[in-house]
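**Q** Here it is, the structure in full.
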Amino acid sequence: MQFIKAGGPAESNIFNQLDERKRALLSSGVDVINLSIGTPDLEPPAHVMEAVSRAALDPAQYKYALTETRALLDAVQDWYSRRYGVALADDEIMAVSGSQEGIAHVCFAFAGQGDLILAPDPGYPIFSFGPMMAGAEVGLYPLREENGWQLDLADIPDDVADRAKAMIVSYPNNPTTAVADRSFYERLVDFARAYDIIILHDNAYSDLLLNGEQGLSFLSIPGAKEVGIEFNSLSKTYNLTGMRMSFALGDREVIARFRAFRSQIDYGTFYPVQAGAVAALTGPQEVVQSNRAHYIARRDALCGGLRAIGWDVPDAQGTMFVWAKIPAGYDSSVAFVLDLMERTGVIGVPGSAFGRQGEGYVRFALVVPPARMEEAVRRIAASGILDAPSQ
């Protein structure tokens with residue numbers, strides 16, 4: 001395992017670096033196919049936009065929203081009961097301004113200087129940066145391809161587990177696209193109970209399983225609500241990324257402490273956003289299945305197309321991403337991504353942006369239609385980049 005202390009050097013966000021290069025390409029007339037940032041290009045449901053619009057025209061909706069409305073609590077409780085078979089009490093639910101904001105701040109509620117928080121490598125950057133902001137030390141546990149990118153609890157030494165205050169886990173996983181089954185979560189709950197560890201589970205992609213399975217909730221495992229919380233988001237499921245509406249759910253003590261902390265920095269979620277969330281959760285759900293079908297078609301066009309031209313890219317199992325080994329001849333994921341941009345106009349994210357274990361891989365986001373994916377494949381084939389890097 002690798003350990004990172006608070007106050008250590010933080011590199012500039014790789015997405016900002018890629019955006020600078022993208023703008024340079026665009027200014028020179030290149031037709032860019034941007035597969036770097038996971039922002040859905042699919043439209044939000046009309047009834048959600050209408051609900052937000054109606055609420056936004058009511059002057060009474062512009063006051064501080066210090067807590068969740070009764071309608072929102074009811075909608076979340078119905079959603080988790082209907083979708084995951086999980087019963088939630090009012091004090092087991094808290095709205096946050098997107099899962100990234102929630103994960104960035106949650107460790108302030110129970111951790112600080114000298115505490116150890118475990119996070120995945122590779123993993124989404126906020127999983128380690130959030131605990132570091134709270135002053136905690138971060139222990140990066142490895143995810144490996146030979147294990148299907150699943151956490152092997154045996155990789156965490158007993159002395160490390162004894163020290164750990166909390167552990168961040170995320171399936172379906174960004175960036176690796178791996179999914180976890182019920183038996184994994186059962187072992188995780190047992191592990192957390194044995195070592196008195198708080199589990200922080202990021203479940204943003206549970207409705208974007210692309211392998212024919214049904215995503216589940218960590219909270220559906222017996223005992224899970226006594227050892228941790230789960231973050232779930234409307235961003236990718238309902239194409240509402242800009243609304244910044246997610247939820248922290250589960251252990252009522254963690255939720256209470258988190259709510260107390262956030263009350264010092266936040267005045268609640270804008271009422272029209274809450275109204276939109278209620279409409280999304282209680283209204284027609286066809287968008288969920290439609291989104292999944294769109295991402296499967298895009299995945300098939302990209303992964304199948306790349307395999308057909310000689311790049312052995314596995315099908316994504318979940319999320320809206322693809323995770324692939326960089327081609328032979330490259331020993332740096334950054335070098336490959338920059339070369340790919342210059343030679344094809346196709347933009348991915350170097351695996352090293354997600355941690356040491358991500359070196360040697362690249363992540364693509366499924367954010368353009370199949371026809372554009374096919375165009376990306378044609379450009380990659382024509383560039384010769386799979387044969388040898390440029391000199």
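Going through the structure tokens in order, the chains are called A, B, and so on, while each chain numbers its residues from 1 and the ligands are numbered from 1 in the order shown.
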With only C-alpha atoms as the counted atoms, please give the residues lying no more than 12 Å from range 25-31 of chain A, apart from itself and same-chain residues fewer than 2 positions off, as a VMD selection string.
**A** chain A and resid 18 to 23 33 to 34 338 341 to 347 372 375 to 376 379
**Q** Determine which residues of range 202-337 of chain A DSSP labels as alpha helix (DSSP H) from the backbone of this structure, then write them out as number ranges by chain.
**A** A: 252-262, 271-282, 286-299, 305-308, 333-337
**Q** Skipping near chain neighbours, those fewer than 6 positions away, what residues fall within 10 Å of Leu340 in chain A using only C-alpha atoms, listed as a list in words?
**A**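 In the requested format, the answer is Val334, Val346, Ile347, Gly348, Arg379, Ile380, Ser383, Ile385, Leu386, Pro389 and Ser390 of chain A.
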**Q** Go ahead and write the residues just picked, N, CA and C atoms, as a CSV table (one decimal), in the first residue's frame.
**A**
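Output (selection-v5.csv):
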chain,number,residue,atom,x,y,z
A,334,VAL,N,0.3,9.2,-20.0
A,334,VAL,CA,0.2,10.6,-20.4
A,334,VAL,C,0.8,10.8,-21.8
A,346,VAL,N,-8.8,12.6,-30.9
A,346,VAL,CA,-9.5,11.9,-29.9
A,346,VAL,C,-8.9,12.1,-28.6
A,347,ILE,N,-9.7,12.5,-27.6
A,347,ILE,CA,-9.2,12.8,-26.3
A,347,ILE,C,-9.7,11.7,-25.2
A,348,GLY,N,-8.7,11.1,-24.5
A,348,GLY,CA,-9.0,10.3,-23.4
A,348,GLY,C,-8.3,10.8,-22.2
A,379,ARG,N,-10.2,7.0,-37.2
A,379,ARG,CA,-9.1,7.8,-37.1
A,379,ARG,C,-7.9,7.1,-36.4
A,380,ILE,N,-8.2,6.3,-35.4
A,380,ILE,CA,-7.2,5.6,-34.7
A,380,ILE,C,-6.5,4.6,-35.6
A,383,SER,N,-4.3,6.4,-38.1
A,383,SER,CA,-3.1,7.1,-37.6
A,383,SER,C,-1.9,6.2,-37.5
A,385,ILE,N,-1.2,4.6,-34.8
A,385,ILE,CA,-0.7,4.7,-33.5
A,385,ILE,C,-0.7,3.4,-32.8
A,386,LEU,N,-1.4,2.4,-33.3
A,386,LEU,CA,-1.4,1.1,-32.7
A,386,LEU,C,-0.2,0.3,-33.1
A,389,PRO,N,4.5,4.3,-31.6
A,389,PRO,CA,4.4,5.7,-31.3
A,389,PRO,C,5.2,6.6,-32.2
A,390,SER,N,4.7,7.9,-32.3
A,390,SER,CA,5.5,8.8,-33.1
A,390,SER,C,6.9,9.1,-32.4
**Q** Within 12 Å of Gln150 in chain A, counting only C-alpha atoms, which residues show up once you throw out same-chain ones fewer than 5 positions away? Write them as a PyMOL selection string, please.
**A** chain A and resi 120-123+141-145+155+169-174+176-181+183-185+188
**Q** Wanna dump the range 52-86 of chain A-range 272-283 of chain A contacts at 6 Å for me, each residue with its shortest atom pair and the distance in Å to one decimal, counting only C-alpha atoms, ordered by chain and number, as CSV?
**A**
residue,atom,partner,partner_atom,distance
A:Val52,CA,A:Pro272,CA,4.9
A:Ala55,CA,A:Pro272,CA,4.9
A:Ala56,CA,A:Pro272,CA,5.5
A:Leu72,CA,A:Val278,CA,5.5
A:Ala75,CA,A:Val278,CA,5.8
**Q** Take the residues from that selection and put them in a file with all heavy atoms, as a tab-separated table (two decimals), in the first residue's frame.
**A**
chain	number	residue	atom	x	y	z
A	52	VAL	N	-38.55	22.02	-12.33
A	52	VAL	CA	-37.60	23.03	-11.92
A	52	VAL	C	-38.07	24.42	-12.34
A	52	VAL	O	-38.02	25.39	-11.56
A	52	VAL	CB	-36.20	22.74	-12.50
A	52	VAL	CG1	-35.23	23.87	-12.18
A	52	VAL	CG2	-35.66	21.42	-11.96
A	55	ALA	N	-41.05	25.70	-10.20
A	55	ALA	CA	-40.60	26.10	-8.87
A	55	ALA	C	-39.79	27.39	-8.91
A	55	ALA	O	-39.88	28.24	-8.02
A	55	ALA	CB	-39.79	24.98	-8.23
A	56	ALA	N	-39.00	27.56	-9.97
A	56	ALA	CA	-38.13	28.74	-10.07
A	56	ALA	C	-38.93	30.02	-10.30
A	56	ALA	O	-38.40	31.12	-10.07
A	56	ALA	CB	-37.12	28.55	-11.19
A	72	LEU	N	-39.20	15.65	-0.82
A	72	LEU	CA	-37.94	15.03	-1.24
A	72	LEU	C	-37.63	13.80	-0.39
A	72	LEU	O	-37.21	12.77	-0.91
A	72	LEU	CB	-36.80	16.03	-1.16
A	72	LEU	CG	-35.44	15.51	-1.63
A	72	LEU	CD1	-35.50	15.04	-3.09
A	72	LEU	CD2	-34.35	16.56	-1.46
A	75	ALA	N	-39.76	11.02	-1.54
A	75	ALA	CA	-39.33	10.52	-2.86
A	75	ALA	C	-38.10	9.62	-2.73
A	75	ALA	O	-38.01	8.57	-3.39
A	75	ALA	CB	-39.04	11.69	-3.79
**Q** Between A:Gly329, A:Val254, A:Val189, A:Tyr271, which one has atoms that come closest to Ser53 in chain A, using only C-alpha atoms?
**A** A:Tyr271
**Q** For the atom pair CA of Asn232 in chain A and CA of Glu286 in chain A, what is the interatomic distance in Å to one decimal place?
**A**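 These two atoms are separated by 18.9 Å.
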**Q** I'd like to know which of A:Leu42, A:Val362, A:Leu306, A:Ile265 is closest to Thr237 in chain A, using only C-alpha atoms.
**A**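 For Thr237 in chain A, the nearest of the given residues is A:Leu42.
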**Q** Would you list the contacts of Ser220 in chain A as a JSON list (two decimals) with C-alpha atoms, in the first residue's frame, taking every protein, DNA or RNA residue within 10 Å and counting only C-alpha atoms, but skipping same-chain residues closer than 2 positions in sequence?
**A**
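Below is the file around.json, written as the result:
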[["chain", "number", "residue", "atom", "x", "y", "z"],
["A", 80, "TYR", "CA", -34.66, 3.21, -2.29],
["A", 81, "SER", "CA", -37.50, 0.90, -1.32],
["A", 84, "TYR", "CA", -33.04, -1.46, -3.93],
["A", 85, "GLY", "CA", -35.36, -2.95, -1.32],
["A", 86, "VAL", "CA", -33.88, -0.66, 1.35],
["A", 87, "ALA", "CA", -35.96, 1.14, 3.98],
["A", 182, "ARG", "CA", -23.56, -9.19, -3.20],
["A", 185, "TYR", "CA", -20.40, -6.45, -0.09],
["A", 186, "GLU", "CA", -21.13, -9.10, 2.51],
["A", 216, "LEU", "CA", -27.51, -3.04, -6.11],
["A", 217, "SER", "CA", -27.06, -0.85, -3.07],
["A", 218, "PHE", "CA", -24.41, -1.41, -0.42],
["A", 222, "PRO", "CA", -27.63, -6.81, 6.36],
["A", 223, "GLY", "CA", -25.65, -4.70, 8.81],
["A", 224, "ALA", "CA", -24.46, -2.18, 6.20],
["A", 225, "LYS", "CA", -26.38, 0.71, 7.71]]
